[in-house]
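Everything below belongs to my_file_15.pdb, which stores PDB, C-alpha atoms.
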```pdb
MODEL        1
ATOM      1  CA  GLY A 511      65.738 -23.248 -11.991
ATOM      2  CA  ALA A 512      62.122 -22.678 -10.982
ATOM      3  CA  PHE A 513      60.213 -19.493 -10.296
ATOM      4  CA  TRP A 514      56.885 -18.890  -8.532
ATOM      5  CA  LYS A 515      54.710 -15.769  -8.553
ATOM      6  CA  TYR A 516      51.544 -15.261  -6.488
ATOM      7  CA  GLU A 517      48.919 -12.536  -6.979
ATOM      8  CA  ARG A 518      45.970 -11.819  -4.706
ATOM      9  CA  LEU A 519      42.598 -11.908  -6.533
ATOM     10  CA  PRO A 520      39.103 -10.762  -5.448
ATOM     11  CA  GLU A 521      37.226 -13.200  -3.230
ATOM     12  CA  VAL A 522      34.502 -15.422  -4.735
ATOM     13  CA  ARG A 523      31.539 -16.076  -2.407
ATOM     14  CA  GLY A 524      33.773 -15.259   0.558
ATOM     15  CA  ILE A 525      36.524 -17.687  -0.525
ATOM     16  CA  PRO A 526      40.020 -16.107  -0.939
ATOM     17  CA  GLN A 527      41.527 -16.433  -4.438
ATOM     18  CA  THR A 528      45.172 -16.400  -5.551
ATOM     19  CA  LYS A 529      46.703 -16.544  -9.025
ATOM     20  CA  ALA A 530      49.819 -18.759  -9.015
ATOM     21  CA  THR A 531      52.296 -18.760 -11.913
ATOM     22  CA  TYR A 532      55.062 -21.358 -12.132
ATOM     23  CA  ILE A 533      58.021 -21.134 -14.547
ATOM     24  CA  GLN A 534      60.378 -24.078 -15.002
ATOM     25  CA  GLN A 535      63.745 -23.692 -16.728
ATOM     26  CA  ALA A 536      66.037 -26.616 -17.474
ATOM     27  CA  ASP A 537      69.437 -27.169 -19.101
ATOM     28  CA  LEU A 538      69.600 -30.786 -20.224
ATOM     29  CA  LYS A 539      73.238 -30.534 -21.419
ATOM     30  CA  GLY A 540      73.315 -31.551 -25.029
ATOM     31  CA  PHE A 541      71.166 -32.236 -28.101
ATOM     32  CA  ILE A 542      67.867 -33.837 -27.115
ATOM     33  CA  PRO A 543      64.805 -34.087 -29.425
ATOM     34  CA  SER A 544      62.309 -31.294 -28.708
ATOM     35  CA  PHE A 545      59.387 -33.680 -28.110
ATOM     36  CA  ILE A 546      61.316 -35.275 -25.250
ATOM     37  CA  VAL A 547      62.207 -31.887 -23.745
ATOM     38  CA  ASN A 548      58.623 -30.648 -24.088
ATOM     39  CA  SER A 549      57.209 -33.774 -22.436
ATOM     40  CA  LYS A 550      59.652 -33.339 -19.550
ATOM     41  CA  ILE A 551      58.635 -29.692 -19.064
ATOM     42  CA  VAL A 552      54.924 -30.540 -19.240
ATOM     43  CA  GLY A 553      55.438 -33.153 -16.560
ATOM     44  CA  GLN A 554      57.113 -30.593 -14.318
ATOM     45  CA  LEU A 555      54.379 -27.983 -14.917
ATOM     46  CA  SER A 556      51.689 -30.503 -13.961
ATOM     47  CA  TYR A 557      52.809 -29.968 -10.360
ATOM     48  CA  LEU A 558      50.881 -26.679 -10.319
ATOM     49  CA  SER A 559      47.724 -28.386 -11.570
ATOM     50  CA  LYS A 560      48.024 -31.037  -8.855
ATOM     51  CA  MET A 561      48.562 -28.324  -6.234
ATOM     52  CA  ARG A 562      45.422 -26.528  -7.375
ATOM     53  CA  LYS A 563      43.351 -29.649  -6.701
ATOM     54  CA  LYS A 564      44.644 -29.697  -3.119
ATOM     55  CA  PHE A 565      43.191 -26.214  -2.591
ATOM     56  CA  ASP A 566      39.998 -26.734  -4.616
ATOM     57  CA  LYS A 567      37.038 -25.094  -2.876
ATOM     58  CA  SER A 568      34.477 -25.364  -5.677
ATOM     59  CA  LEU A 569      31.959 -27.059  -3.391
ATOM     60  CA  GLU A 570      32.297 -24.261  -0.806
ATOM     61  CA  ILE A 571      31.804 -21.651  -3.562
ATOM     62  CA  ASP A 572      28.738 -23.541  -4.807
ATOM     63  CA  ALA A 573      27.373 -23.650  -1.251
ATOM     64  CA  GLY A 574      27.861 -19.887  -0.896
ATOM     65  CA  SER A 575      26.008 -19.297  -4.155
ATOM     66  CA  ARG A 576      23.127 -21.529  -3.041
ATOM     67  CA  SER A 577      22.883 -19.679   0.291
ATOM     68  CA  GLU A 578      22.385 -16.396  -1.587
ATOM     69  CA  LEU A 579      19.774 -18.016  -3.838
ATOM     70  CA  VAL A 580      17.907 -19.423  -0.824
ATOM     71  CA  GLN A 581      17.554 -15.924   0.608
ATOM     72  CA  MET A 582      16.263 -14.611  -2.733
ATOM     73  CA  ILE A 583      13.768 -17.465  -3.109
ATOM     74  CA  GLU A 584      12.435 -16.834   0.404
ATOM     75  CA  LEU A 585      11.559 -13.261  -0.684
ATOM     76  CA  THR A 586       9.763 -14.430  -3.842
ATOM     77  CA  GLU A 587       6.035 -13.709  -3.998
ATOM     78  CA  SER A 588       3.610 -16.545  -4.668
ATOM     79  CA  SER A 589       2.598 -16.462  -8.357
ATOM     80  CA  GLY A 590       2.970 -20.008  -9.654
ATOM     81  CA  ALA A 591      -0.586 -21.296 -10.133
ATOM     82  CA  GLU A 592      -0.170 -21.542 -13.929
ATOM     83  CA  ALA A 593       3.207 -23.265 -13.587
ATOM     84  CA  LEU A 594       1.718 -25.760 -11.135
ATOM     85  CA  ALA A 595      -1.080 -26.539 -13.608
ATOM     86  CA  GLN A 596       1.508 -27.268 -16.327
ATOM     87  CA  PHE A 597       3.386 -29.558 -13.954
ATOM     88  CA  GLU A 598       0.251 -31.469 -12.938
ATOM     89  CA  ALA A 599      -0.813 -31.876 -16.572
ATOM     90  CA  LEU A 600       2.495 -33.601 -17.330
ATOM     91  CA  HIS A 601       2.539 -35.600 -14.109
ATOM     92  CA  ASN A 602      -0.947 -37.098 -14.441
ATOM     93  CA  GLU A 603      -1.144 -40.768 -15.388
ATOM     94  CA  ARG A 604      -0.905 -41.444 -19.125
ATOM     95  CA  GLN A 605      -2.086 -44.501 -20.967
ATOM     96  CA  GLY A 606       0.916 -46.762 -21.413
ATOM     97  CA  TRP A 607       2.955 -45.566 -18.406
ATOM     98  CA  GLN A 608       5.535 -48.175 -17.458
ATOM     99  CA  ARG A 609       7.338 -48.692 -14.151
ATOM    100  CA  PRO A 610      11.107 -49.125 -14.647
ATOM    101  CA  SER A 611      12.492 -52.351 -13.155
ATOM    102  CA  ARG A 612      14.334 -51.794  -9.855
ATOM    103  CA  ARG A 613      16.695 -49.148 -11.229
ATOM    104  CA  PHE A 614      15.437 -46.447  -8.839
ATOM    105  CA  GLY A 615      14.787 -48.698  -5.840
ATOM    106  CA  LYS A 616      11.682 -47.746  -3.881
ATOM    107  CA  ALA A 617      11.277 -44.343  -5.582
ATOM    108  CA  ASP A 618       7.978 -43.661  -7.396
ATOM    109  CA  SER A 619       9.092 -43.754 -11.040
ATOM    110  CA  LYS A 620       7.345 -44.161 -14.388
ATOM    111  CA  VAL A 621       8.176 -43.670 -18.084
ATOM    112  CA  HIS A 622       6.279 -43.481 -21.360
ATOM    113  CA  SER A 623       7.375 -43.032 -24.984
ATOM    114  CA  ASP A 624       5.655 -42.607 -28.328
ATOM    115  CA  ILE A 625       7.691 -44.128 -31.175
ATOM    116  CA  VAL A 626       5.581 -42.406 -33.844
ATOM    117  CA  THR A 627       6.054 -38.840 -32.594
ATOM    118  CA  GLY A 628       9.446 -39.387 -30.967
ATOM    119  CA  ARG A 629       8.217 -37.866 -27.696
ATOM    120  CA  ALA A 630       8.897 -39.335 -24.273
ATOM    121  CA  TRP A 631       7.922 -38.650 -20.646
ATOM    122  CA  GLY A 632       9.513 -39.697 -17.407
ATOM    123  CA  SER A 633       8.655 -39.069 -13.762
ATOM    124  CA  LEU A 634      10.529 -39.806 -10.529
ATOM    125  CA  SER A 635       9.513 -38.858  -6.964
ATOM    126  CA  LEU A 636      11.621 -39.401  -3.859
ATOM    127  CA  GLN A 637      12.431 -37.803  -0.523
ATOM    128  CA  VAL A 638      15.510 -35.555  -0.340
ATOM    129  CA  HIS A 639      17.080 -34.627   2.995
ATOM    130  CA  GLY A 640      17.129 -30.838   2.605
ATOM    131  CA  GLY A 641      14.952 -27.748   2.853
ATOM    132  CA  LEU A 642      12.577 -26.699   0.054
ATOM    133  CA  GLU A 643      14.503 -23.528  -0.867
ATOM    134  CA  GLU A 644      17.882 -25.277  -0.551
ATOM    135  CA  ILE A 645      16.950 -28.080  -2.964
ATOM    136  CA  ALA A 646      15.402 -25.611  -5.430
ATOM    137  CA  ALA A 647      18.548 -23.439  -5.249
ATOM    138  CA  PHE A 648      20.696 -26.464  -6.153
ATOM    139  CA  ILE A 649      18.712 -27.012  -9.374
ATOM    140  CA  TRP A 650      18.541 -23.285 -10.143
ATOM    141  CA  ASP A 651      22.325 -22.860  -9.778
ATOM    142  CA  PHE A 652      22.685 -24.260 -13.292
ATOM    143  CA  GLY A 653      26.360 -23.450 -13.747
ATOM    144  CA  SER A 654      27.655 -24.919 -10.484
ATOM    145  CA  ARG A 655      30.212 -27.720 -10.575
ATOM    146  CA  ALA A 656      28.176 -29.848  -8.174
ATOM    147  CA  ASN A 657      25.115 -29.621 -10.452
ATOM    148  CA  MET A 658      27.168 -30.304 -13.581
ATOM    149  CA  GLU A 659      28.831 -33.398 -12.103
ATOM    150  CA  ILE A 660      25.559 -35.284 -11.612
ATOM    151  CA  SER A 661      23.863 -34.116 -14.834
ATOM    152  CA  GLY A 662      25.834 -36.100 -17.405
ATOM    153  CA  ASP A 663      25.934 -33.000 -19.646
ATOM    154  CA  LEU A 664      29.007 -32.486 -21.823
ATOM    155  CA  GLU A 665      28.683 -28.700 -21.733
ATOM    156  CA  ARG A 666      26.394 -26.045 -20.221
ATOM    157  CA  THR A 667      25.864 -22.340 -20.852
ATOM    158  CA  PHE A 668      23.208 -19.904 -19.631
ATOM    159  CA  GLU A 669      22.069 -16.283 -19.933
ATOM    160  CA  GLU A 670      20.454 -14.627 -16.920
ATOM    161  CA  GLU A 671      17.159 -12.860 -17.621
ATOM    162  CA  GLY A 672      16.406 -11.887 -14.047
ATOM    163  CA  GLU A 673      16.769 -12.956 -10.432
ATOM    164  CA  ASP A 674      14.970 -10.170  -8.663
ATOM    165  CA  ARG A 675      11.903 -10.405  -6.448
ATOM    166  CA  GLY A 676       9.337 -12.694  -8.088
ATOM    167  CA  ASN A 677      11.242 -12.969 -11.384
ATOM    168  CA  PHE A 678      13.472 -16.007 -11.781
ATOM    169  CA  LYS A 679      14.214 -16.669 -15.472
ATOM    170  CA  LYS A 680      17.232 -17.695 -17.524
ATOM    171  CA  ILE A 681      17.977 -19.191 -20.953
ATOM    172  CA  VAL A 682      19.969 -22.413 -20.588
ATOM    173  CA  THR A 683      21.741 -24.545 -23.190
ATOM    174  CA  ARG A 684      23.031 -28.049 -22.545
ATOM    175  CA  ARG A 685      24.930 -30.444 -24.815
ATOM    176  CA  GLN A 686      24.387 -34.152 -24.191
ATOM    177  CA  HIS A 687      25.708 -37.389 -25.662
ATOM    178  CA  LEU A 688      22.785 -39.552 -26.754
ATOM    179  CA  GLU A 689      23.286 -43.258 -27.361
ATOM    180  CA  SER A 690      20.969 -45.130 -29.676
ATOM    181  CA  THR A 691      19.295 -48.200 -28.204
ATOM    182  CA  HIS A 692      18.537 -49.566 -31.687
ATOM    183  CA  GLY A 693      22.076 -49.781 -33.087
ATOM    184  CA  PHE A 694      21.983 -46.440 -34.897
ATOM    185  CA  GLN A 695      24.753 -43.830 -34.783
ATOM    186  CA  HIS A 696      25.394 -42.182 -31.409
ATOM    187  CA  ARG A 697      25.498 -38.391 -31.484
ATOM    188  CA  ASN A 698      25.702 -35.250 -29.406
ATOM    189  CA  ARG A 699      22.619 -33.067 -29.229
ATOM    190  CA  THR A 700      22.173 -29.503 -27.977
ATOM    191  CA  PHE A 701      19.006 -28.421 -26.146
ATOM    192  CA  THR A 702      18.000 -24.829 -25.341
ATOM    193  CA  SER A 703      15.265 -23.994 -22.814
ATOM    194  CA  GLU A 704      13.858 -21.138 -20.813
ATOM    195  CA  MET A 705      14.256 -21.991 -17.127
ATOM    196  CA  SER A 706      11.828 -20.356 -14.699
ATOM    197  CA  LEU A 707      11.166 -20.670 -10.973
ATOM    198  CA  HIS A 708       7.723 -20.139  -9.426
ATOM    199  CA  LEU A 709       6.645 -20.128  -5.787
ATOM    200  CA  VAL A 710       3.168 -21.678  -5.619
ATOM    201  CA  GLY A 711       2.522 -21.118  -1.931
ATOM    202  CA  ASP A 712       3.851 -21.979   1.473
ATOM    203  CA  GLY A 713       5.521 -25.358   0.967
ATOM    204  CA  GLU A 714       5.349 -25.707  -2.840
ATOM    205  CA  LEU A 715       7.682 -24.484  -5.583
ATOM    206  CA  VAL A 716       7.920 -25.319  -9.312
ATOM    207  CA  ILE A 717      10.869 -25.020 -11.730
ATOM    208  CA  LEU A 718      10.036 -25.292 -15.430
ATOM    209  CA  PHE A 719      12.291 -25.970 -18.433
ATOM    210  CA  SER A 720      10.390 -24.763 -21.518
ATOM    211  CA  PRO A 721      11.951 -25.682 -24.915
ATOM    212  CA  LYS A 722      12.989 -22.709 -27.047
TER     213      LYS A 722
ENDMDL
END
```
Would you mind writing the file out in structure tokens?
Amino acid sequence: GAFWKYERLPEVRGIPQTKATYIQQADLKGFIPSFIVNSKIVGQLSYLSKMRKKFDKSLEIDAGSRSELVQMIELTESSGAEALAQFEALHNERQGWQRPSRRFGKADSKVHSDIVTGRAWGSLSLQVHGGLEEIAAFIWDFGSRANMEISGDLERTFEEEGEDRGNFKKIVTRRQHLESTHGFQHRNRTFTSEMSLHLVGDGELVILFSPK
């Protein structure tokens, strides 16, 4: 036999939520090795997982979260002159900048690395079809599925420090798989940064990731 139970849960960003529990019971009539029985049951239970994907509304939830962030960013007071100076200091041309071969198409891209110190810089500029606050909200929504999917990160965690008027800060940790280009051992590395958002003025906004 099979049994279903459904429980109403609180909405998330205006999207209704339901907890579904599925119980499968089977009588296979005789002695059958447990690993075969377990594999059969697991296969039956996977139906619920497949059903969940049919109702997945993660992108809608992400969009609702970004809409709230856009409204908060619009109320932020301009106080980002120092952050803009840090950005410009990194963005200025460095001796030894290289232009990647056609990997980024017509985008303005450049990279530079220092083998001795192990430090590297990279810059990419392109036009995105979206509003200033909307694009900034996408980056700031660090835990969203949409953001995670394009990042390449293996894992992400964050601690909110504040998202009130004029104070956007959080501590973020990301785990990435780094592949050696020189034949050395590949490994996973964890990076922790303070993430902050600064409105520079009408039409400019800066988000900084400062290593911790």
Chain and number of each residue from the PyMOL selection byres ((chain A and resi 578-585) around 10), as a PDB file with C-alpha atoms, in the coordinates of the input:
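The file below, part.pdb, is the result:
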```
ATOM      1  CA  ARG A 523      31.539 -16.076  -2.407  1.00  0.00           C
ATOM      2  CA  ALA A 573      27.373 -23.650  -1.251  1.00  0.00           C
ATOM      3  CA  GLY A 574      27.861 -19.887  -0.896  1.00  0.00           C
ATOM      4  CA  SER A 575      26.008 -19.297  -4.155  1.00  0.00           C
ATOM      5  CA  ARG A 576      23.127 -21.529  -3.041  1.00  0.00           C
ATOM      6  CA  SER A 577      22.883 -19.679   0.291  1.00  0.00           C
ATOM      7  CA  THR A 586       9.763 -14.430  -3.842  1.00  0.00           C
ATOM      8  CA  GLU A 587       6.035 -13.709  -3.998  1.00  0.00           C
ATOM      9  CA  SER A 588       3.610 -16.545  -4.668  1.00  0.00           C
ATOM     10  CA  GLY A 641      14.952 -27.748   2.853  1.00  0.00           C
ATOM     11  CA  LEU A 642      12.577 -26.699   0.054  1.00  0.00           C
ATOM     12  CA  GLU A 643      14.503 -23.528  -0.867  1.00  0.00           C
ATOM     13  CA  GLU A 644      17.882 -25.277  -0.551  1.00  0.00           C
ATOM     14  CA  ILE A 645      16.950 -28.080  -2.964  1.00  0.00           C
ATOM     15  CA  ALA A 646      15.402 -25.611  -5.430  1.00  0.00           C
ATOM     16  CA  ALA A 647      18.548 -23.439  -5.249  1.00  0.00           C
ATOM     17  CA  PHE A 648      20.696 -26.464  -6.153  1.00  0.00           C
ATOM     18  CA  TRP A 650      18.541 -23.285 -10.143  1.00  0.00           C
ATOM     19  CA  ASP A 651      22.325 -22.860  -9.778  1.00  0.00           C
ATOM     20  CA  GLU A 673      16.769 -12.956 -10.432  1.00  0.00           C
ATOM     21  CA  ASP A 674      14.970 -10.170  -8.663  1.00  0.00           C
ATOM     22  CA  ARG A 675      11.903 -10.405  -6.448  1.00  0.00           C
ATOM     23  CA  GLY A 676       9.337 -12.694  -8.088  1.00  0.00           C
ATOM     24  CA  ASN A 677      11.242 -12.969 -11.384  1.00  0.00           C
ATOM     25  CA  PHE A 678      13.472 -16.007 -11.781  1.00  0.00           C
ATOM     26  CA  LEU A 707      11.166 -20.670 -10.973  1.00  0.00           C
ATOM     27  CA  HIS A 708       7.723 -20.139  -9.426  1.00  0.00           C
ATOM     28  CA  LEU A 709       6.645 -20.128  -5.787  1.00  0.00           C
ATOM     29  CA  LEU A 715       7.682 -24.484  -5.583  1.00  0.00           C
TER      30      LEU A 715
END
```
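Distances to A:Asp712 were evaluated for A:Gly590, A:Arg609, A:Ile533, A:Gly524 using only C-alpha atoms, and the minimum falls at A:Gly590.
Counting from atom CA of A:Leu664, the distance to atom CA of A:Thr700 is 9.7 Å.
One distance worth recording is that between atom CA of A:Ser661 and atom CA of A:Arg684, which is 9.8 Å.
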Exercise for review: Take the PyMOL selection byres ((chain A and resi 515) around 12), apply it to the structure above, and return the hits as number ranges by chain.
Suggested key: A: 512-514, 516-518, 528-534, 558
Check your understanding: What is the distance between atom CA of A:Arg562 and atom CA of A:Met658, in Å to one decimal?
Key ->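 Between atom CA of A:Arg562 and atom CA of A:Met658 the gap works out to 19.6 Å.
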Check your understanding: Selected by the PyMOL selection byres ((chain A and resi 668) around 9) in the shown coordinates: which residues, as a ChimeraX atom specification?
Key -> /A:652-653,666-667,669-670,680-684
As AutoDock Vina command-line options, what would the box around stretch 699-717 of chain A look like: edges along x, y and z, 8 Å added on every side, centre and edge lengths in Å to one decimal?
```
--center_x 12.6 --center_y -26.6 --center_z -13.9 --size_x 36.1 --size_y 28.9 --size_z 46.7
```
Revision key, fill the gap. Shortest contact to A:Ser720, candidates A:Asn698, A:Gln686, A:Gln596, A:Ser633, atoms counted all atoms listed in the file, goes to A:Gln596
